[in-house]
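K.L.:
File structure.cif follows (mmCIF, C-alpha atoms and all ligand atoms):
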```cif
data_input
loop_
_atom_site.label_atom_id
_atom_site.label_comp_id
_atom_site.auth_asym_id
_atom_site.auth_seq_id
_atom_site.Cartn_x
_atom_site.Cartn_y
_atom_site.Cartn_z
CA MET B 1 -3.31 -22.41 -40.04
CA THR B 2 0.00 -21.81 -41.79
CA THR B 3 1.29 -23.13 -45.10
CA GLU B 4 4.91 -22.97 -46.20
CA THR B 5 5.47 -21.11 -49.48
CA ASN B 6 8.59 -21.20 -51.61
CA SER B 7 9.52 -17.53 -51.39
CA PRO B 8 12.90 -15.81 -51.10
CA LYS B 9 11.40 -13.65 -48.35
CA ASN B 10 10.52 -16.68 -46.23
CA THR B 11 6.82 -16.07 -46.00
CA ARG B 12 3.91 -18.20 -44.89
CA ASP B 13 0.18 -18.10 -45.51
CA LEU B 14 -1.77 -17.18 -42.42
CA SER B 15 -5.42 -17.38 -41.48
CA LEU B 16 -6.90 -16.13 -38.26
CA THR B 17 -9.89 -14.22 -36.93
CA VAL B 18 -9.57 -10.53 -36.18
CA ASN B 19 -12.41 -8.73 -34.45
CA GLY B 20 -14.82 -11.48 -35.45
CA LYS B 21 -13.84 -11.57 -39.13
CA ALA B 22 -11.89 -14.31 -40.88
CA VAL B 23 -8.66 -12.89 -42.28
CA GLU B 24 -6.10 -14.43 -44.62
CA GLY B 25 -2.66 -13.18 -45.47
CA ASN B 26 0.84 -14.07 -46.53
CA VAL B 27 3.38 -12.79 -44.05
CA GLU B 28 7.09 -12.80 -43.45
CA CYS B 29 7.96 -15.28 -40.71
CA ARG B 30 9.58 -12.51 -38.68
CA MET B 31 6.53 -10.18 -38.80
CA THR B 32 5.06 -9.44 -35.40
CA LEU B 33 1.35 -9.51 -34.69
CA ALA B 34 1.46 -5.74 -34.02
CA GLU B 35 3.03 -5.16 -37.44
CA PHE B 36 0.45 -7.40 -39.09
CA LEU B 37 -2.45 -5.60 -37.41
CA ARG B 38 -1.14 -2.09 -38.02
CA GLU B 39 0.57 -2.39 -41.39
CA GLU B 40 -1.29 -5.17 -43.17
CA MET B 41 -4.75 -4.55 -41.71
CA GLY B 42 -4.60 -0.80 -41.01
CA LEU B 43 -5.73 -1.38 -37.39
CA THR B 44 -3.60 1.39 -35.92
CA GLY B 45 -5.53 1.45 -32.65
CA THR B 46 -2.93 -1.05 -31.46
CA LYS B 47 -0.03 1.15 -30.37
CA VAL B 48 3.67 0.31 -30.37
CA ALA B 49 5.82 2.17 -27.87
CA CYS B 50 8.75 0.22 -26.38
CA ASN B 51 8.54 -2.61 -28.95
CA ARG B 52 10.14 -5.02 -26.47
CA SER B 53 7.54 -6.34 -24.01
CA GLU B 54 7.96 -3.65 -21.40
CA CYS B 55 5.01 -1.26 -21.57
CA GLY B 56 1.83 -3.01 -22.72
CA ALA B 57 0.82 -0.31 -25.22
CA CYS B 58 0.50 -3.01 -27.88
CA THR B 59 -1.78 -5.30 -25.81
CA VAL B 60 -4.44 -7.20 -27.75
CA LEU B 61 -6.48 -10.23 -26.75
CA LEU B 62 -5.48 -13.57 -28.25
CA ASP B 63 -8.21 -16.13 -27.60
CA GLY B 64 -9.36 -13.86 -24.77
CA ASN B 65 -5.96 -13.46 -23.09
CA PRO B 66 -3.91 -10.29 -23.14
CA VAL B 67 -0.63 -10.52 -25.06
CA TYR B 68 2.05 -8.03 -26.07
CA SER B 69 1.54 -8.03 -29.83
CA CYS B 70 4.97 -6.41 -30.38
CA THR B 71 6.63 -9.65 -29.33
CA VAL B 72 4.17 -12.25 -30.62
CA LEU B 73 4.77 -13.39 -34.18
CA ALA B 74 1.83 -12.96 -36.53
CA LEU B 75 2.21 -16.66 -37.39
CA ASP B 76 1.72 -17.57 -33.74
CA ALA B 77 -1.81 -16.15 -34.01
CA ALA B 78 -2.68 -18.64 -36.78
CA GLY B 79 -6.08 -20.22 -36.20
CA LYS B 80 -6.73 -17.98 -33.20
CA GLU B 81 -9.05 -15.09 -32.40
CA VAL B 82 -7.58 -11.64 -32.02
CA LEU B 83 -9.47 -8.76 -30.47
CA THR B 84 -8.16 -5.23 -30.95
CA ILE B 85 -9.58 -1.97 -29.68
CA GLU B 86 -11.39 -1.52 -33.02
CA GLY B 87 -13.43 -4.65 -32.28
CA LEU B 88 -14.93 -3.44 -29.01
CA ALA B 89 -17.65 -1.04 -30.13
CA HIS B 90 -20.79 -2.75 -31.35
CA GLU B 91 -22.97 -1.24 -34.10
CA GLY B 92 -21.63 2.23 -33.38
CA GLU B 93 -22.12 1.89 -29.64
CA LEU B 94 -19.05 2.09 -27.42
CA HIS B 95 -18.29 -0.80 -25.08
CA PRO B 96 -19.07 0.08 -21.41
CA LEU B 97 -15.32 0.12 -20.73
CA GLN B 98 -14.77 2.69 -23.46
CA GLU B 99 -17.68 4.78 -22.15
CA ALA B 100 -16.36 4.59 -18.60
CA PHE B 101 -12.85 5.64 -19.66
CA VAL B 102 -14.34 8.72 -21.35
CA GLU B 103 -16.73 9.53 -18.49
CA ARG B 104 -14.05 9.11 -15.78
CA ASP B 105 -11.29 10.94 -17.64
CA ALA B 106 -9.16 7.82 -17.53
CA LEU B 107 -6.60 9.07 -20.05
CA GLN B 108 -4.45 12.00 -20.95
CA CYS B 109 -2.37 11.36 -24.09
CA GLY B 110 -4.30 8.15 -24.75
CA TYR B 111 -1.30 6.16 -25.92
CA CYS B 112 -1.71 3.43 -23.32
CA THR B 113 -5.51 3.43 -23.55
CA PRO B 114 -6.22 0.71 -26.14
CA GLY B 115 -3.95 -1.76 -24.37
CA MET B 116 -5.22 -0.72 -20.96
CA ILE B 117 -8.86 -1.22 -22.02
CA LEU B 118 -8.09 -4.64 -23.47
CA SER B 119 -6.34 -5.77 -20.28
CA ALA B 120 -9.39 -4.51 -18.35
CA LYS B 121 -11.68 -6.37 -20.75
CA ALA B 122 -9.80 -9.63 -20.14
CA LEU B 123 -10.14 -9.04 -16.40
CA LEU B 124 -13.90 -8.50 -16.60
CA GLY B 125 -14.16 -11.66 -18.71
CA ARG B 126 -12.74 -13.78 -15.90
CA ASN B 127 -13.88 -11.67 -12.93
CA PRO B 128 -17.06 -9.62 -13.45
CA HIS B 129 -16.86 -7.96 -9.99
CA PRO B 130 -13.23 -6.91 -9.53
CA THR B 131 -11.91 -5.05 -6.52
CA GLU B 132 -9.45 -2.18 -6.83
CA HIS B 133 -6.69 -4.67 -6.02
CA ASP B 134 -7.86 -6.98 -8.81
CA VAL B 135 -7.76 -4.11 -11.31
CA ARG B 136 -4.28 -3.08 -10.19
CA LYS B 137 -3.06 -6.67 -10.68
CA ALA B 138 -4.72 -6.94 -14.10
CA ILE B 139 -3.13 -3.78 -15.46
CA GLU B 140 0.28 -4.20 -13.84
CA GLY B 141 1.76 -4.99 -17.27
CA ASN B 142 0.36 -1.81 -18.79
CA LEU B 143 2.39 1.32 -18.26
CA CYS B 144 0.65 4.70 -18.24
CA ARG B 145 3.30 7.36 -18.70
CA CYS B 146 0.73 10.05 -17.86
CA GLY B 147 -0.09 8.49 -14.48
CA SER B 148 -3.82 8.13 -15.11
CA TYR B 149 -4.01 5.02 -12.91
CA PRO B 150 -6.51 6.29 -10.29
CA ASN B 151 -9.11 7.11 -12.95
CA ILE B 152 -8.32 3.97 -14.97
CA ILE B 153 -9.10 1.88 -11.88
CA LYS B 154 -12.31 3.83 -11.17
CA ALA B 155 -13.39 3.51 -14.81
CA THR B 156 -12.82 -0.25 -14.85
CA ILE B 157 -14.88 -0.73 -11.69
CA ALA B 158 -17.61 1.57 -13.06
CA ALA B 159 -17.69 -0.48 -16.27
CA SER B 160 -18.00 -3.71 -14.30
CA GLU B 161 -21.01 -2.24 -12.47
CA LYS B 162 -22.57 -1.10 -15.73
CA LEU B 163 -22.09 -4.53 -17.27
CA ALA B 164 -23.57 -6.22 -14.19
CA GLN B 165 -26.61 -3.92 -14.44
CA LYS B 166 -27.07 -4.83 -18.10
CA GLU B 167 -26.93 -8.51 -17.15
CA ARG B 168 -29.60 -7.95 -14.48
CA VAL B 169 -32.08 -6.33 -16.91
CA LYS B 170 -31.58 -9.06 -19.52
S1 LIG P 1 5.04 -1.84 -27.37
FE1 LIG P 1 4.72 -3.89 -26.85
S2 LIG P 1 5.08 -3.98 -24.74
FE2 LIG P 1 5.61 -1.95 -25.28
S1 LIG P 2 -2.81 8.30 -20.87
FE1 LIG P 2 -0.81 8.83 -21.60
S2 LIG P 2 0.28 6.98 -21.34
FE2 LIG P 2 -1.58 6.59 -20.36
#
```
What is this structure when it is put down as structure tokens?
Ligand code: FES
Ligand code: FES
P.N.:
Amino acid sequence: MTTETNSPKNTRDLSLTVNGKAVEGNVECRMTLAEFLREEMGLTGTKVACNRSECGACTVLLDGNPVYSCTVLALDAAGKEVLTIEGLAHEGELHPLQEAFVERDALQCGYCTPGMILSAKALLGRNPHPTEHDVRKAIEGNLCRCGSYPNIIKATIAASEKLAQKERVK
């Protein structure tokens, strides 16, 4: 929720959930979500590359959907749930997608990786058994300058299989 404050800098109070934790802040109206996460919260896993909605490096999940945080205002995340790459590991254990990216060498410089993994996570949330075509569609807004796409696709499918296995033994 946002509250107007009488400040020369034109700021607003902001509350939202980031990686499962309630967070409050007072932000300039023009601050982007990427700036809020990186500069106010120190969550530098969210990368900024083009800073204009072209590459997907800054992708985070907002209420489960991938968004380019470089062009979403922090205030537009008020009352919502944000998931960044830092929120994926659980009690020191990597998420199956993170494991699969490491095991399948799905990165080179790693700059696209947080956004890529979050787009893949959103895909697995709505489609637990994606085909190669499904993965390609899901990551079409994420640019990998190193051309790691073949291994990114294999890693995402491997993670979906691992997650399905975990479900079966539950
Ligand atoms: S940094 Fe946001 S889309 Fe490129
Ligand atoms: S691994 Fe370098 S941009 Fe994708």
K.L.:
Please identify the residues whose atoms come within 12 Å of ligand LIG 2 (chain P), using all atoms listed in the file, and report them as a PyMOL selection string.
P.N.:
chain B and resi 47-50+55-58+101-102+105-117+139+142-152
K.L.:
Quick one: distance from atom CA of B:Glu54 to atom FE1 of ligand LIG 1 (chain P) in Å, one decimal?
P.N.:
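So the answer is 6.3 Å.
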K.L.:
Figure out the distance between atom CA of B:Thr46 and atom CA of B:Gly87, please, to one decimal in Å.
P.N.:
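Those two atoms sit 11.1 Å apart.
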K.L.:
Would you compute the distance between atom CA of B:Arg104 and atom CA of B:Ala155? Give it in Å to one decimal.
P.N.:
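Between atom CA of B:Arg104 and atom CA of B:Ala155 the gap is 5.7 Å.
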K.L.:
At a cut-off of 9 Å, using all atoms listed in the file, what residues contact B:Asp63? Leave out same-chain residues fewer than 3 positions from it and give the result as a VMD selection string.
P.N.:
chain B and resid 66 80 to 83
K.L.:
Calculate, to one decimal in Å, the centre and edge lengths of the box along x, y and z of the file that holds all listed atoms of ligand LIG 1 (chain P) with 4 Å of margin on each side, and present them as AutoDock Vina command-line options.
P.N.:
```
--center_x 5.2 --center_y -2.9 --center_z -26.1 --size_x 8.9 --size_y 10.1 --size_z 10.6
```
K.L.:
Would you mind listing what lies within 9 Å of B:Phe36 as number ranges by chain, with all atoms listed in the file counted and same-chain residues fewer than 6 positions away left out?
P.N.:
B: 27, 42-43, 73-74
K.L.:
Nearest residue to B:Lys154 out of B:Val135, B:Cys70, B:Val23, B:Val169, using all atoms listed in the file?
P.N.:
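Nearest to B:Lys154: B:Val135.
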K.L.:
Here is a test: counting only C-alpha atoms and all ligand atoms, which residue of B:Arg168, B:Lys21, B:Arg52, B:Arg38 is nearest to ligand LIG 1 (chain P)?
P.N.:
B:Arg52
K.L.:
Have a look at B:Ser119, B:Ser53, B:Thr71, B:Thr84 and name the one nearest to ligand LIG 1 (chain P); count all atoms listed in the file.
P.N.:
B:Ser53
K.L.:
From the list B:Leu163, B:Cys29, B:Ile153, B:Ala122, which residue is nearest B:Leu75 when using only C-alpha atoms?
P.N.:
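Closest to B:Leu75 of all the choices is B:Cys29.
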K.L.:
Restricting the calculation to only C-alpha atoms, which member of B:Ala164, B:Ala120, B:Leu37, B:Leu14 is positioned closest to B:Ser69?
P.N.:
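Among the listed residues, B:Leu37 lies closest to B:Ser69.
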K.L.:
Between B:Asn51, B:Asn10, B:Asn19, B:Gln165, which residue has the minimum interatomic distance to B:Ala89, considering only C-alpha atoms?
P.N.:
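Nearest to B:Ala89: B:Asn19.
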K.L.:
Could you list, as a VMD selection string, every residue within 8 Å of B:Glu24, counting all atoms listed in the file and ignoring same-chain residues fewer than 2 positions away?
P.N.:
chain B and resid 13 to 16 22 26
K.L.:
Mind completing stretch 144-155 of chain B with all heavy atoms? Output as a PDB file, keeping the file's coordinate frame, please?
P.N.:
```pdb
ATOM      1  N   CYS B 144       1.239   3.417 -17.827  1.00  0.00           N
ATOM      2  CA  CYS B 144       0.650   4.700 -18.240  1.00  0.00           C
ATOM      3  C   CYS B 144       1.665   5.796 -17.891  1.00  0.00           C
ATOM      4  O   CYS B 144       1.848   6.132 -16.732  1.00  0.00           O
ATOM      5  CB  CYS B 144      -0.676   4.967 -17.541  1.00  0.00           C
ATOM      6  SG  CYS B 144      -1.327   6.600 -17.976  1.00  0.00           S
ATOM      7  N   ARG B 145       2.277   6.338 -18.919  1.00  0.00           N
ATOM      8  CA  ARG B 145       3.300   7.360 -18.700  1.00  0.00           C
ATOM      9  C   ARG B 145       2.687   8.649 -18.145  1.00  0.00           C
ATOM     10  O   ARG B 145       3.389   9.474 -17.567  1.00  0.00           O
ATOM     11  CB  ARG B 145       4.037   7.658 -20.013  1.00  0.00           C
ATOM     12  CG  ARG B 145       4.867   6.477 -20.492  1.00  0.00           C
ATOM     13  CD  ARG B 145       5.084   6.537 -21.993  1.00  0.00           C
ATOM     14  NE  ARG B 145       5.868   5.398 -22.469  1.00  0.00           N
ATOM     15  CZ  ARG B 145       5.352   4.223 -22.760  1.00  0.00           C
ATOM     16  NH1 ARG B 145       4.057   3.990 -22.603  1.00  0.00           N
ATOM     17  NH2 ARG B 145       6.111   3.245 -23.202  1.00  0.00           N
ATOM     18  N   CYS B 146       1.394   8.833 -18.346  1.00  0.00           N
ATOM     19  CA  CYS B 146       0.730  10.050 -17.860  1.00  0.00           C
ATOM     20  C   CYS B 146       0.234   9.889 -16.429  1.00  0.00           C
ATOM     21  O   CYS B 146      -0.294  10.840 -15.853  1.00  0.00           O
ATOM     22  CB  CYS B 146      -0.443  10.415 -18.757  1.00  0.00           C
ATOM     23  SG  CYS B 146       0.024  10.681 -20.472  1.00  0.00           S
ATOM     24  N   GLY B 147       0.337   8.700 -15.876  1.00  0.00           N
ATOM     25  CA  GLY B 147      -0.090   8.490 -14.480  1.00  0.00           C
ATOM     26  C   GLY B 147      -1.583   8.562 -14.277  1.00  0.00           C
ATOM     27  O   GLY B 147      -2.059   9.037 -13.245  1.00  0.00           O
ATOM     28  N   SER B 148      -2.348   8.074 -15.231  1.00  0.00           N
ATOM     29  CA  SER B 148      -3.820   8.130 -15.110  1.00  0.00           C
ATOM     30  C   SER B 148      -4.396   6.968 -14.305  1.00  0.00           C
ATOM     31  O   SER B 148      -5.610   6.734 -14.352  1.00  0.00           O
ATOM     32  CB  SER B 148      -4.447   8.124 -16.510  1.00  0.00           C
ATOM     33  OG  SER B 148      -4.019   9.234 -17.240  1.00  0.00           O
ATOM     34  N   TYR B 149      -3.555   6.256 -13.584  1.00  0.00           N
ATOM     35  CA  TYR B 149      -4.010   5.020 -12.910  1.00  0.00           C
ATOM     36  C   TYR B 149      -5.244   5.188 -12.024  1.00  0.00           C
ATOM     37  O   TYR B 149      -6.160   4.354 -12.095  1.00  0.00           O
ATOM     38  CB  TYR B 149      -2.875   4.405 -12.087  1.00  0.00           C
ATOM     39  CG  TYR B 149      -1.696   3.972 -12.918  1.00  0.00           C
ATOM     40  CD1 TYR B 149      -0.511   4.694 -12.880  1.00  0.00           C
ATOM     41  CD2 TYR B 149      -1.767   2.865 -13.754  1.00  0.00           C
ATOM     42  CE1 TYR B 149       0.576   4.314 -13.651  1.00  0.00           C
ATOM     43  CE2 TYR B 149      -0.681   2.481 -14.521  1.00  0.00           C
ATOM     44  CZ  TYR B 149       0.489   3.203 -14.473  1.00  0.00           C
ATOM     45  OH  TYR B 149       1.556   2.830 -15.239  1.00  0.00           O
ATOM     46  N   PRO B 150      -5.332   6.227 -11.178  1.00  0.00           N
ATOM     47  CA  PRO B 150      -6.510   6.290 -10.290  1.00  0.00           C
ATOM     48  C   PRO B 150      -7.823   6.285 -11.080  1.00  0.00           C
ATOM     49  O   PRO B 150      -8.771   5.564 -10.721  1.00  0.00           O
ATOM     50  CB  PRO B 150      -6.313   7.618  -9.535  1.00  0.00           C
ATOM     51  CG  PRO B 150      -4.835   7.850  -9.569  1.00  0.00           C
ATOM     52  CD  PRO B 150      -4.370   7.304 -10.894  1.00  0.00           C
ATOM     53  N   ASN B 151      -7.862   7.058 -12.182  1.00  0.00           N
ATOM     54  CA  ASN B 151      -9.110   7.110 -12.950  1.00  0.00           C
ATOM     55  C   ASN B 151      -9.306   5.853 -13.801  1.00  0.00           C
ATOM     56  O   ASN B 151     -10.440   5.441 -14.074  1.00  0.00           O
ATOM     57  CB  ASN B 151      -9.149   8.367 -13.813  1.00  0.00           C
ATOM     58  CG  ASN B 151      -9.388   9.594 -12.957  1.00  0.00           C
ATOM     59  OD1 ASN B 151      -9.506   9.494 -11.728  1.00  0.00           O
ATOM     60  ND2 ASN B 151      -9.461  10.758 -13.580  1.00  0.00           N
ATOM     61  N   ILE B 152      -8.207   5.228 -14.208  1.00  0.00           N
ATOM     62  CA  ILE B 152      -8.320   3.970 -14.970  1.00  0.00           C
ATOM     63  C   ILE B 152      -8.966   2.904 -14.064  1.00  0.00           C
ATOM     64  O   ILE B 152      -9.850   2.149 -14.495  1.00  0.00           O
ATOM     65  CB  ILE B 152      -6.921   3.510 -15.450  1.00  0.00           C
ATOM     66  CG1 ILE B 152      -6.433   4.436 -16.561  1.00  0.00           C
ATOM     67  CG2 ILE B 152      -6.949   2.052 -15.914  1.00  0.00           C
ATOM     68  CD1 ILE B 152      -4.966   4.260 -16.940  1.00  0.00           C
ATOM     69  N   ILE B 153      -8.546   2.865 -12.825  1.00  0.00           N
ATOM     70  CA  ILE B 153      -9.100   1.880 -11.880  1.00  0.00           C
ATOM     71  C   ILE B 153     -10.578   2.178 -11.633  1.00  0.00           C
ATOM     72  O   ILE B 153     -11.433   1.273 -11.709  1.00  0.00           O
ATOM     73  CB  ILE B 153      -8.286   1.891 -10.568  1.00  0.00           C
ATOM     74  CG1 ILE B 153      -6.877   1.354 -10.851  1.00  0.00           C
ATOM     75  CG2 ILE B 153      -8.967   1.059  -9.483  1.00  0.00           C
ATOM     76  CD1 ILE B 153      -5.860   1.671  -9.788  1.00  0.00           C
ATOM     77  N   LYS B 154     -10.900   3.471 -11.405  1.00  0.00           N
ATOM     78  CA  LYS B 154     -12.310   3.830 -11.170  1.00  0.00           C
ATOM     79  C   LYS B 154     -13.154   3.489 -12.399  1.00  0.00           C
ATOM     80  O   LYS B 154     -14.277   2.991 -12.278  1.00  0.00           O
ATOM     81  CB  LYS B 154     -12.428   5.340 -10.896  1.00  0.00           C
ATOM     82  CG  LYS B 154     -12.009   5.725  -9.492  1.00  0.00           C
ATOM     83  CD  LYS B 154     -12.220   7.218  -9.277  1.00  0.00           C
ATOM     84  CE  LYS B 154     -11.398   7.669  -8.076  1.00  0.00           C
ATOM     85  NZ  LYS B 154     -10.969   9.055  -8.157  1.00  0.00           N
ATOM     86  N   ALA B 155     -12.631   3.765 -13.578  1.00  0.00           N
ATOM     87  CA  ALA B 155     -13.390   3.510 -14.810  1.00  0.00           C
ATOM     88  C   ALA B 155     -13.647   2.016 -14.987  1.00  0.00           C
ATOM     89  O   ALA B 155     -14.740   1.605 -15.394  1.00  0.00           O
ATOM     90  CB  ALA B 155     -12.635   4.060 -16.013  1.00  0.00           C
TER      91      ALA B 155
END
```
